[in-house]
file run08.cif (mmCIF, C-alpha atoms)
data_start
#
loop_
_atom_site.label_atom_id
_atom_site.label_comp_id
_atom_site.auth_asym_id
_atom_site.auth_seq_id
_atom_site.Cartn_x
_atom_site.Cartn_y
_atom_site.Cartn_z
CA MET A 92 0.00 0.00 0.00
CA HIS A 93 1.22 3.50 -0.81
CA SER A 94 2.41 5.76 1.98
CA SER A 95 -0.27 7.82 3.71
CA LYS A 96 2.19 10.73 3.57
CA ASN A 97 1.62 10.93 -0.19
CA TYR A 98 -2.08 10.11 -0.35
CA GLY A 99 -3.43 11.43 2.94
CA PRO A 100 -4.59 14.78 1.46
CA VAL A 101 -7.38 13.03 -0.43
CA LEU A 102 -8.73 11.71 2.85
CA ALA A 103 -8.03 14.76 5.00
CA LYS A 104 -9.05 17.59 2.70
CA VAL A 105 -12.05 16.00 1.03
CA ARG A 106 -13.18 14.32 4.27
CA VAL A 107 -13.78 11.07 2.46
CA GLY A 108 -15.09 8.41 4.81
CA LYS A 109 -18.18 6.43 5.68
CA GLY A 110 -19.81 9.55 7.09
CA LYS A 111 -19.76 11.18 3.66
CA LEU A 112 -22.30 8.70 2.28
CA LEU A 113 -25.90 8.45 3.44
CA ASP A 114 -26.60 5.33 5.46
CA LYS A 115 -29.49 2.94 4.91
CA ARG A 116 -31.50 4.43 7.76
CA LYS A 117 -31.38 7.85 6.11
CA TYR A 118 -32.36 6.32 2.76
CA ASN A 119 -35.36 4.58 4.27
CA ALA A 120 -36.49 7.73 6.07
CA ILE A 121 -36.57 9.60 2.76
CA ILE A 122 -38.15 6.73 0.82
CA TYR A 123 -41.01 6.31 3.28
CA SER A 124 -41.58 10.00 4.04
CA GLU A 125 -45.09 11.29 3.40
CA ASN A 126 -44.24 14.25 1.20
CA PHE A 127 -41.45 16.30 -0.33
CA ASN A 128 -41.00 18.67 2.62
CA THR A 129 -40.62 15.79 5.06
CA ALA A 130 -38.23 13.99 2.70
CA ILE A 131 -35.97 16.99 2.28
CA SER A 132 -35.89 17.62 6.03
CA TYR A 133 -34.00 14.34 6.51
CA LEU A 134 -31.12 15.84 4.53
CA ASN A 135 -30.69 18.66 7.03
CA GLY A 136 -27.29 18.21 8.65
CA THR A 137 -25.78 16.52 5.58
CA ASP A 138 -23.70 18.03 2.78
CA TYR A 139 -26.84 18.07 0.66
CA TRP A 140 -28.51 20.70 2.78
CA SER A 141 -26.56 23.71 1.54
CA TYR A 142 -27.78 22.89 -1.98
CA LEU A 143 -31.36 21.95 -1.11
CA SER A 144 -32.29 24.14 1.87
CA LYS A 145 -33.70 26.83 -0.47
CA PHE A 146 -36.48 24.36 -1.34
CA ALA A 147 -37.46 23.65 2.28
CA GLN A 148 -40.56 25.86 2.17
CA THR A 149 -41.50 25.33 -1.47
CA LEU A 150 -42.30 22.61 -3.96
CA PRO A 151 -39.63 22.93 -6.68
CA SER A 152 -39.73 21.48 -10.17
CA THR A 153 -37.84 18.27 -10.82
CA LEU A 154 -35.43 20.22 -13.07
CA GLU A 155 -34.60 22.57 -10.18
CA ILE A 156 -33.79 19.57 -8.00
CA GLU A 157 -31.56 18.07 -10.70
CA SER A 158 -29.70 21.36 -11.22
CA ALA A 159 -29.06 21.80 -7.49
CA LEU A 160 -27.74 18.26 -7.10
CA TYR A 161 -25.52 18.49 -10.18
CA GLU A 162 -23.98 21.53 -8.49
CA TYR A 163 -23.24 19.40 -5.41
CA TYR A 164 -21.65 16.69 -7.58
CA TYR A 165 -19.58 19.29 -9.42
CA ASP A 166 -18.28 20.82 -6.18
CA GLU A 167 -17.50 17.44 -4.61
CA LEU A 168 -15.72 16.22 -7.73
CA ASN A 169 -13.64 19.38 -7.97
CA LYS A 170 -12.57 19.06 -4.33
CA CYS A 171 -11.33 15.57 -5.08
CA ILE A 172 -9.54 16.79 -8.20
CA LYS A 173 -7.91 19.66 -6.34
CA TYR A 174 -6.43 17.52 -3.58
CA SER A 175 -5.73 14.31 -5.47
CA PRO A 176 -2.08 13.45 -6.23
CA GLU A 177 -1.15 14.09 -9.85
CA ASN A 178 -0.85 10.46 -10.90
CA GLY A 179 -4.42 9.71 -9.85
CA LYS A 180 -5.99 12.98 -10.98
CA VAL A 181 -6.51 11.91 -14.59
CA PHE A 182 -9.28 9.47 -13.59
CA LEU A 183 -11.19 12.20 -11.78
CA ASN A 184 -10.72 14.52 -14.74
CA LEU A 185 -12.30 11.86 -16.93
CA LEU A 186 -15.29 11.59 -14.57
CA HIS A 187 -15.70 15.36 -14.97
CA ASP A 188 -15.47 15.06 -18.75
CA LEU A 189 -18.03 12.25 -18.84
CA GLU A 190 -20.66 14.79 -17.73
CA LEU A 191 -19.63 17.04 -20.62
CA VAL A 192 -19.83 14.11 -23.03
CA SER A 193 -23.42 13.60 -21.90
CA LEU A 194 -24.17 17.29 -22.41
CA LEU A 195 -22.56 17.19 -25.85
CA GLU A 196 -24.83 14.28 -26.80
CA ASN A 197 -27.89 16.32 -25.80
CA LEU A 198 -26.66 19.29 -27.82
CA LEU A 199 -26.10 17.15 -30.90
CA CYS A 200 -29.62 15.76 -30.80
CA ALA A 201 -31.20 19.15 -30.08
CA LYS A 202 -29.45 20.78 -33.04
CA TYR A 203 -30.04 17.89 -35.44
CA TYR A 204 -33.76 17.63 -34.69
CA GLY A 205 -34.29 21.40 -34.76
CA ILE A 206 -35.26 21.90 -31.12
CA GLU A 207 -35.60 25.62 -30.38
CA PHE A 208 -32.97 27.20 -28.15
CA GLU A 209 -35.52 28.19 -25.50
CA ASP A 210 -36.80 24.61 -25.26
CA PHE A 211 -33.27 23.26 -25.00
CA GLN A 212 -32.27 25.85 -22.39
CA SER A 213 -35.25 24.99 -20.18
CA THR A 214 -34.00 21.40 -19.77
CA LEU A 215 -30.31 22.19 -19.24
CA THR A 216 -29.48 20.96 -15.72
CA LYS A 217 -25.66 20.70 -15.98
CA LYS A 218 -24.93 24.42 -16.43
CA ILE A 219 -22.56 24.28 -13.47
CA PHE A 220 -20.04 22.41 -15.64
CA LEU A 221 -20.01 25.39 -18.05
CA LYS A 222 -19.86 28.34 -15.69
CA LYS A 223 -18.45 30.91 -18.11
CA VAL A 224 -20.23 30.14 -21.37
CA LYS A 225 -23.61 31.55 -22.30
CA ASP A 226 -26.23 28.98 -23.19
CA ARG A 227 -26.97 30.50 -26.59
CA THR A 228 -23.28 30.62 -27.51
CA LEU A 229 -23.01 26.94 -26.70
CA TYR A 230 -26.15 26.12 -28.64
CA GLU A 231 -24.93 27.95 -31.74
CA ASN A 232 -21.44 26.45 -31.60
CA PHE A 233 -21.46 23.35 -29.43
CA SER A 234 -17.78 22.63 -30.08
CA LYS A 235 -17.22 25.38 -27.47
CA ILE A 236 -17.96 22.74 -24.87
CA LEU A 237 -14.59 21.15 -25.63
CA ASP A 238 -12.83 24.13 -24.03
CA TYR A 239 -14.16 22.90 -20.67
CA PHE A 240 -12.80 19.37 -20.91
CA LEU A 241 -10.05 18.72 -18.37
CA GLU A 242 -8.39 15.98 -20.41
CA LYS A 243 -7.13 17.75 -23.51
CA ALA A 244 -6.34 14.51 -25.36
CA LEU A 245 -10.03 13.62 -25.21
CA ALA A 246 -11.06 17.14 -26.27
CA SER A 247 -8.71 16.95 -29.25
CA GLU A 248 -10.12 13.58 -30.35
CA LEU A 249 -13.67 14.87 -30.10
CA ARG A 250 -12.87 18.10 -31.94
CA ASN A 251 -11.89 16.10 -35.01
CA THR A 252 -15.10 14.09 -34.73
CA LEU A 253 -17.28 17.19 -34.50
CA LEU A 254 -15.79 18.65 -37.68
CA LYS A 255 -17.46 15.90 -39.71
CA PRO A 256 -21.04 16.44 -40.97
CA VAL A 257 -23.74 14.69 -38.95
CA ASP A 258 -25.72 12.17 -41.00
CA ASP A 259 -27.11 10.34 -37.99
CA PRO A 260 -26.82 11.86 -34.49
CA ASN A 261 -27.18 8.46 -32.85
CA LEU A 262 -24.15 7.08 -34.68
CA ARG A 263 -22.20 10.24 -33.86
CA ILE A 264 -23.06 9.80 -30.17
CA LEU A 265 -21.80 6.20 -30.33
CA GLU A 266 -18.57 7.48 -31.85
CA ILE A 267 -18.16 10.12 -29.12
CA ARG A 268 -18.76 7.64 -26.32
CA GLN A 269 -16.39 5.15 -27.92
CA LYS A 270 -13.59 7.74 -27.91
CA TYR A 271 -14.25 8.48 -24.23
CA TRP A 272 -14.10 4.86 -23.13
CA LYS A 273 -11.07 4.09 -25.28
CA ILE A 274 -9.12 6.89 -23.63
CA LEU A 275 -10.22 5.81 -20.14
CA LEU A 276 -9.21 2.19 -20.85
CA LYS A 277 -5.85 3.28 -22.31
CA THR A 278 -5.20 5.42 -19.22
CA VAL A 279 -6.02 2.58 -16.84
CA LYS A 280 -3.64 0.23 -18.63
CA GLU A 281 -0.86 2.82 -18.64
CA LYS A 282 -1.25 3.58 -14.92
CA ARG A 283 -0.08 0.17 -13.77
CA GLU A 284 0.10 1.15 -10.10
CA PHE A 285 -3.72 1.18 -10.02
CA GLN A 286 -4.39 -1.98 -11.99
CA SER A 287 -5.41 -4.17 -9.07
CA ASN A 288 -7.99 -1.76 -7.64
CA LEU A 289 -9.36 0.94 -9.88
CA THR A 290 -9.15 -1.37 -12.89
CA GLU A 291 -11.87 -3.60 -11.44
CA ILE A 292 -14.31 -0.68 -11.37
CA VAL A 293 -13.47 0.36 -14.93
CA ARG A 294 -13.76 -3.24 -16.15
CA ARG A 295 -17.33 -3.35 -14.86
CA GLN A 296 -18.12 0.06 -16.30
CA LEU A 297 -17.03 -1.19 -19.72
CA LEU A 298 -19.04 -4.39 -19.38
CA LYS A 299 -22.11 -2.28 -18.68
CA GLU A 300 -21.40 0.12 -21.55
CA ASN A 301 -20.77 -2.64 -24.10
CA ILE A 302 -23.65 -4.93 -23.15
CA LEU A 303 -26.20 -2.11 -23.03
CA LEU A 304 -24.95 -0.88 -26.40
CA MET A 305 -25.17 -4.38 -27.88
CA THR A 306 -28.62 -5.03 -26.43
CA ARG A 307 -30.10 -1.74 -27.64
CA LEU A 308 -28.60 -1.94 -31.13
CA ARG A 309 -29.74 -5.53 -31.59
CA ARG A 310 -33.25 -4.52 -30.60
CA LEU A 311 -33.10 -1.82 -33.30
CA GLY A 312 -32.04 -4.42 -35.86
CA ALA A 313 -28.44 -3.23 -36.29
CA PRO A 314 -26.22 -5.84 -37.99
CA ALA A 315 -23.36 -7.47 -36.08
CA ASN A 316 -20.66 -5.63 -38.05
CA ILE A 317 -22.05 -2.23 -36.99
CA ILE A 318 -22.34 -3.31 -33.35
CA ARG A 319 -18.85 -4.82 -33.38
CA LYS A 320 -17.42 -1.53 -34.64
CA HIS A 321 -18.51 0.29 -31.48
CA ILE A 322 -17.63 -2.30 -28.84
CA ILE A 323 -14.60 -1.67 -26.62
CA PRO A 324 -13.60 -4.91 -24.86
CA PHE A 325 -11.56 -4.59 -21.69
CA SER A 326 -9.56 -7.71 -22.54
CA PRO A 327 -9.53 -10.71 -24.93
CA THR A 328 -11.80 -12.50 -22.45
CA GLU A 329 -14.55 -9.93 -22.89
CA GLU A 330 -13.94 -9.76 -26.64
CA GLU A 331 -14.57 -13.51 -26.93
CA VAL A 332 -17.78 -13.23 -24.91
CA PHE A 333 -19.08 -10.34 -27.01
CA GLU A 334 -18.39 -12.29 -30.20
CA LYS A 335 -20.34 -15.23 -28.80
CA LEU A 336 -23.27 -12.96 -27.94
CA LEU A 337 -23.21 -11.32 -31.37
CA SER A 338 -23.30 -14.67 -33.15
CA THR A 339 -26.28 -15.93 -31.13
CA GLN A 340 -29.87 -15.01 -31.97
CA ASP A 341 -31.35 -16.06 -28.62
CA ILE A 342 -29.04 -15.52 -25.64
CA LYS A 343 -31.20 -17.77 -23.48
CA THR A 344 -29.83 -20.73 -25.43
CA LEU A 345 -26.36 -20.01 -24.01
CA SER A 346 -27.14 -21.13 -20.45
CA SER A 347 -24.37 -23.75 -20.31
CA TYR A 348 -21.88 -21.32 -21.88
CA ILE A 349 -22.81 -18.60 -19.38
CA GLU A 350 -22.44 -21.03 -16.47
CA ASP A 351 -18.76 -21.55 -17.33
CA LEU A 352 -17.88 -17.85 -17.55
CA HIS A 353 -15.66 -16.04 -15.07
CA ASN A 354 -17.76 -14.68 -12.20
CA ILE A 355 -17.38 -11.00 -13.15
CA VAL A 356 -18.44 -11.47 -16.76
CA LYS A 357 -21.01 -14.10 -15.84
CA GLU A 358 -22.91 -11.70 -13.58
CA PHE A 359 -23.28 -9.20 -16.41
CA VAL A 360 -24.15 -11.67 -19.17
CA GLU A 361 -26.56 -13.66 -17.02
CA SER A 362 -28.49 -10.46 -16.29
CA ILE A 363 -29.40 -10.16 -19.98
CA THR A 364 -31.49 -13.33 -19.63
CA LYS A 365 -33.25 -12.10 -16.48
CA TYR A 366 -34.03 -8.42 -17.10
CA ASN A 367 -35.31 -6.25 -19.91
CA VAL A 368 -33.07 -3.54 -21.34
CA GLU A 369 -34.78 -0.79 -19.31
CA GLU A 370 -33.93 -2.60 -16.06
CA LEU A 371 -30.37 -3.55 -17.02
CA LYS A 372 -28.90 -0.09 -16.39
CA THR A 373 -29.92 -0.14 -12.72
CA VAL A 374 -28.82 -3.77 -12.32
CA TYR A 375 -25.38 -2.98 -13.77
CA ASP A 376 -25.04 0.25 -11.80
CA ARG A 377 -25.59 -1.73 -8.61
CA ILE A 378 -22.79 -4.14 -9.57
CA ILE A 379 -20.42 -1.24 -10.30
CA ALA A 380 -21.36 0.50 -7.06
CA ARG A 381 -20.69 -2.67 -5.08
CA GLU A 382 -17.17 -2.87 -6.52
CA ALA A 383 -16.56 0.85 -5.97
CA TYR A 384 -17.59 0.41 -2.35
CA LYS A 385 -15.03 -2.39 -1.87
CA VAL A 386 -12.26 -0.18 -3.26
CA PHE A 387 -13.53 2.72 -1.18
CA LEU A 388 -13.19 0.72 2.04
CA ALA A 389 -10.00 -1.18 1.24
CA TYR A 390 -7.69 1.54 -0.04
CA PRO A 391 -8.19 4.62 2.15
CA PHE A 392 -4.89 6.34 1.34
CA GLN A 393 -4.61 5.82 -2.41
CA PRO A 394 -5.94 7.93 -5.29
CA ASP A 395 -8.24 5.01 -6.10
CA ILE A 396 -10.32 6.11 -3.12
CA ALA A 397 -11.25 9.32 -4.88
CA TYR A 398 -12.44 7.50 -8.03
CA GLY A 399 -14.32 4.88 -6.03
CA TYR A 400 -15.82 7.56 -3.80
CA MET A 401 -16.95 9.75 -6.71
CA ILE A 402 -18.55 6.76 -8.46
CA LEU A 403 -20.50 6.10 -5.26
CA LYS A 404 -21.33 9.77 -4.74
CA ARG A 405 -22.62 10.08 -8.32
CA TYR A 406 -24.91 7.10 -7.75
CA GLU A 407 -26.03 8.44 -4.39
CA ILE A 408 -26.89 11.80 -5.96
CA GLU A 409 -28.86 9.97 -8.65
CA ASP A 410 -30.73 8.12 -5.89
CA VAL A 411 -31.45 11.30 -3.92
CA THR A 412 -32.66 12.98 -7.11
CA ASN A 413 -35.03 10.08 -7.81
CA MET A 414 -36.27 9.95 -4.21
CA LEU A 415 -37.10 13.66 -4.16
CA LYS A 416 -38.61 13.58 -7.65
CA ALA A 417 -40.80 10.68 -6.53
CA LYS A 418 -42.22 12.85 -3.74
CA ILE A 419 -42.85 15.74 -6.14
CA LEU A 420 -44.50 13.52 -8.77
CA ASP A 421 -46.27 11.24 -6.25
CA ILE A 422 -44.58 8.07 -7.52
CA ASP A 423 -45.31 5.00 -5.39
CA ILE A 424 -42.63 3.54 -3.13
CA GLU A 425 -42.29 0.16 -4.87
CA SER A 426 -41.70 1.82 -8.25
CA LEU A 427 -39.12 4.11 -6.66
CA LYS A 428 -37.21 1.23 -5.06
CA LYS A 429 -36.70 -0.40 -8.46
CA VAL A 430 -34.49 2.46 -9.67
CA LEU A 431 -32.44 3.03 -6.50
CA ILE A 432 -28.82 1.91 -6.70
CA LEU A 433 -26.93 2.13 -3.42
CA PRO A 434 -29.19 0.63 -0.69
CA ILE A 435 -28.92 -2.78 -2.33
CA PHE A 436 -25.49 -3.46 -0.79
CA PHE A 437 -25.40 -1.45 2.46
#
call {"tool": "encode", "arguments": {"input": "run08.cif", "output": "structure tokens"}}
result
Amino acid sequence: MHSSKNYGPVLAKVRVGKGKLLDKRKYNAIIYSENFNTAISYLNGTDYWSYLSKFAQTLPSTLEIESALYEYYYDELNKCIKYSPENGKVFLNLLHDLELVSLLENLLCAKYYGIEFEDFQSTLTKKIFLKKVKDRTLYENFSKILDYFLEKALASELRNTLLKPVDDPNLRILEIRQKYWKILLKTVKEKREFQSNLTEIVRRQLLKENILLMTRLRRLGAPANIIRKHIIPFSPTEEEVFEKLLSTQDIKTLSSYIEDLHNIVKEFVESITKYNVEELKTVYDRIIAREAYKVFLAYPFQPDIAYGYMILKRYEIEDVTNMLKAKILDIDIESLKKVLILPIFF
């Protein structure tokens, strides 16, 4: 294990620890609360409160809740980036840039389908990641977003992609995401000092990304050669599995093959036979969160802690957003529980 002298600042300055994540009791209190005002009151005394207290006496829109919680994520991520040692900072930078990739995807679709600026602006909840750019400027020239990427190699790759005319925004989005995950995978393999810990999180992230991509494209009738073009296997093991899946019409016929797979891959592939594509994202996010939590607990003085912590915090923020939105929209408790990620392993 690396010396705490080198990696202690991540723990000390960011205050990373069990107390930074909501416990199951707090989750349950919010889930079973009678209304929005009661739900939000349970976040008093947590880091969330400074972002949500302004809604304590009102009933905000769901977009207002999302915007406030993205601001919390942005601030927490930037604290981790600021105090993380240089050799681990790149992974946090890429988490930051993943939010911009998502925003870029929304911009591409809005422009391609002729959505009016005012309509686009009204749904923009990640403005915090673009503090200095005006919404209209971004809408008119969305390549401006690349100026805010922290990893310049990724920004450069995407700039070349954006210069090409858009024939199909969905294919362009696949290309953008592929470039992101390729750079993350390349970085993980170059940073050998993190291969035993952080790598396991990234491996699961890539399994999720590839299988969801494959499942959705197959449902749309995309041929295997198109799907294969956009898959990014973590290793030859995953590549072999993806080839097997692509060559099979009905995955349920692969039960004996799935049974012999390595546990990590098996858990992901087996889920395809048990859940529909809409449920798979939550199922896979829970698997990733479980691994991030193990890294989070086991390596308290390494930069891996910051990546594992921010993965968990991003999921927790997604959960809190869904819990509060459920109270605003009067969504029933059982439906809410199906989309929550973190309580499953606490």
call {"tool": "atom_distance", "arguments": {"input": "run08.cif", "atom1": "atom CA of Val368 of chain A", "atom2": "atom CA of Lys343 of chain A"}}
result
14.5 Å
call {"tool": "resolve_selection", "arguments": {"input": "run08.cif", "expression": "the PyMOL selection byres ((chain A and resi 361) around 10)", "output": "list in words"}}
result
Ile342, Lys343, Leu345, Ser346, Ile349, Glu350, Leu352, Val356, Lys357, Glu358, Phe359, Val360, Ser362, Ile363, Thr364, Lys365 and Tyr366 of chain A
call {"tool": "atom_distance", "arguments": {"input": "run08.cif", "atom1": "atom CA of Glu266 of chain A", "atom2": "atom CA of Gly179 of chain A"}}
result
26.3 Å
call {"tool": "atom_distance", "arguments": {"input": "run08.cif", "atom1": "atom CA of Glu167 of chain A", "atom2": "atom CA of Arg405 of chain A"}}
result
9.7 Å
call {"tool": "residues_around", "arguments": {"input": "run08.cif", "residues": "Ser141 of chain A", "least_positions_apart": "6", "cutoff": "10 Å", "atoms": "only C-alpha atoms", "output": "mmCIF file with C-alpha atoms, in the frame of the given file"}}
result
data_model
loop_
_atom_site.group_PDB
_atom_site.id
_atom_site.type_symbol
_atom_site.label_atom_id
_atom_site.label_comp_id
_atom_site.auth_asym_id
_atom_site.auth_seq_id
_atom_site.Cartn_x
_atom_site.Cartn_y
_atom_site.Cartn_z
ATOM 1 C CA LEU A 134 -31.120 15.840 4.530
ATOM 2 C CA ASN A 135 -30.690 18.660 7.030
ATOM 3 C CA ALA A 159 -29.060 21.800 -7.490
ATOM 4 C CA TYR A 163 -23.240 19.400 -5.410
#
call {"tool": "closest_residue", "arguments": {"input": "run08.cif", "among": "A:Phe182, A:Tyr230, A:Tyr406, A:Phe325", "to": "Leu160 of chain A", "atoms": "all atoms listed in the file"}}
result
A:Tyr406
call {"tool": "resolve_selection", "arguments": {"input": "run08.cif", "expression": "the PyMOL selection byres ((chain A and resi 425-429) around 9)", "output": "ChimeraX atom specification"}}
result
/A:122,370,373,413-414,417,422-424,430-432
call {"tool": "closest_residue", "arguments": {"input": "run08.cif", "among": "A:Ala380, A:Leu420, A:Leu289, A:Leu298", "to": "Pro434 of chain A", "atoms": "only C-alpha atoms"}}
result
A:Ala380
call {"tool": "closest_residue", "arguments": {"input": "run08.cif", "among": "A:Ile379, A:Ala397, A:Leu337, A:Val181", "to": "Asn316 of chain A", "atoms": "all atoms listed in the file"}}
result
A:Leu337
call {"tool": "closest_residue", "arguments": {"input": "run08.cif", "among": "A:Gln340, A:Met401, A:Leu276, A:Lys372", "to": "Pro314 of chain A", "atoms": "all atoms listed in the file"}}
result
A:Gln340
call {"tool": "closest_residue", "arguments": {"input": "run08.cif", "among": "A:Glu300, A:Asp341, A:Asp210, A:Glu369", "to": "Pro324 of chain A", "atoms": "all atoms listed in the file"}}
result
A:Glu300
call {"tool": "closest_residue", "arguments": {"input": "run08.cif", "among": "A:Ile219, A:Ala383, A:Leu297, A:Cys171", "to": "Ile402 of chain A", "atoms": "only C-alpha atoms"}}
result
A:Ala383
call {"tool": "closest_atom_pairs", "arguments": {"input": "run08.cif", "of": "segment 210-306 of chain A", "to": "segment 154-157 of chain A", "cutoff": "12 Å", "atoms": "all atoms listed in the file", "output": "Markdown table"}}
result
| residue | atom | partner | partner_atom | distance |
| --- | --- | --- | --- | --- |
| A:Gln212 | CA | A:Leu154 | CA | 11.3 |
| A:Ser213 | CA | A:Leu154 | CA | 8.6 |
| A:Thr214 | CA | A:Leu154 | CA | 7.0 |
| A:Leu215 | CA | A:Leu154 | CA | 8.3 |
| A:Thr216 | CA | A:Glu157 | CA | 6.2 |
| A:Lys217 | CA | A:Glu157 | CA | 8.3 |
| A:Lys218 | CA | A:Glu157 | CA | 10.8 |
| A:Ile219 | CA | A:Glu157 | CA | 11.3 |
call {"tool": "decode", "arguments": {"input": "run08.cif", "residues": "segment 231-243 of chain A", "atoms": "N, CA and C atoms", "output": "PDB file, in the first residue's frame"}}
result
ATOM      1  N   GLU A 231     -25.278  27.582 -30.369  1.00  0.00           N
ATOM      2  CA  GLU A 231     -24.929  27.955 -31.742  1.00  0.00           C
ATOM      3  C   GLU A 231     -23.619  27.319 -32.205  1.00  0.00           C
ATOM      4  N   ASN A 232     -22.719  27.072 -31.257  1.00  0.00           N
ATOM      5  CA  ASN A 232     -21.439  26.445 -31.604  1.00  0.00           C
ATOM      6  C   ASN A 232     -21.058  25.476 -30.494  1.00  0.00           C
ATOM      7  N   PHE A 233     -21.626  24.256 -30.561  1.00  0.00           N
ATOM      8  CA  PHE A 233     -21.460  23.350 -29.426  1.00  0.00           C
ATOM      9  C   PHE A 233     -20.055  22.794 -29.280  1.00  0.00           C
ATOM     10  N   SER A 234     -19.177  23.043 -30.266  1.00  0.00           N
ATOM     11  CA  SER A 234     -17.784  22.627 -30.078  1.00  0.00           C
ATOM     12  C   SER A 234     -17.108  23.442 -28.975  1.00  0.00           C
ATOM     13  N   LYS A 235     -17.738  24.566 -28.580  1.00  0.00           N
ATOM     14  CA  LYS A 235     -17.217  25.381 -27.472  1.00  0.00           C
ATOM     15  C   LYS A 235     -17.127  24.574 -26.179  1.00  0.00           C
ATOM     16  N   ILE A 236     -17.956  23.562 -26.076  1.00  0.00           N
ATOM     17  CA  ILE A 236     -17.964  22.737 -24.870  1.00  0.00           C
ATOM     18  C   ILE A 236     -16.614  22.063 -24.653  1.00  0.00           C
ATOM     19  N   LEU A 237     -15.878  21.839 -25.734  1.00  0.00           N
ATOM     20  CA  LEU A 237     -14.593  21.145 -25.632  1.00  0.00           C
ATOM     21  C   LEU A 237     -13.562  21.961 -24.856  1.00  0.00           C
ATOM     22  N   ASP A 238     -13.754  23.275 -24.790  1.00  0.00           N
ATOM     23  CA  ASP A 238     -12.835  24.128 -24.028  1.00  0.00           C
ATOM     24  C   ASP A 238     -12.894  23.825 -22.534  1.00  0.00           C
ATOM     25  N   TYR A 239     -13.968  23.161 -22.096  1.00  0.00           N
ATOM     26  CA  TYR A 239     -14.164  22.897 -20.674  1.00  0.00           C
ATOM     27  C   TYR A 239     -13.748  21.486 -20.270  1.00  0.00           C
ATOM     28  N   PHE A 240     -13.305  20.701 -21.233  1.00  0.00           N
ATOM     29  CA  PHE A 240     -12.798  19.366 -20.913  1.00  0.00           C
ATOM     30  C   PHE A 240     -11.471  19.490 -20.173  1.00  0.00           C
ATOM     31  N   LEU A 241     -11.289  18.688 -19.144  1.00  0.00           N
ATOM     32  CA  LEU A 241     -10.045  18.718 -18.371  1.00  0.00           C
ATOM     33  C   LEU A 241      -8.963  17.876 -19.025  1.00  0.00           C
ATOM     34  N   GLU A 242      -9.366  16.810 -19.711  1.00  0.00           N
ATOM     35  CA  GLU A 242      -8.395  15.977 -20.415  1.00  0.00           C
ATOM     36  C   GLU A 242      -8.322  16.422 -21.875  1.00  0.00           C
ATOM     37  N   LYS A 243      -7.251  17.125 -22.198  1.00  0.00           N
ATOM     38  CA  LYS A 243      -7.127  17.752 -23.514  1.00  0.00           C
ATOM     39  C   LYS A 243      -6.995  16.725 -24.641  1.00  0.00           C
TER      40      LYS A 243
END
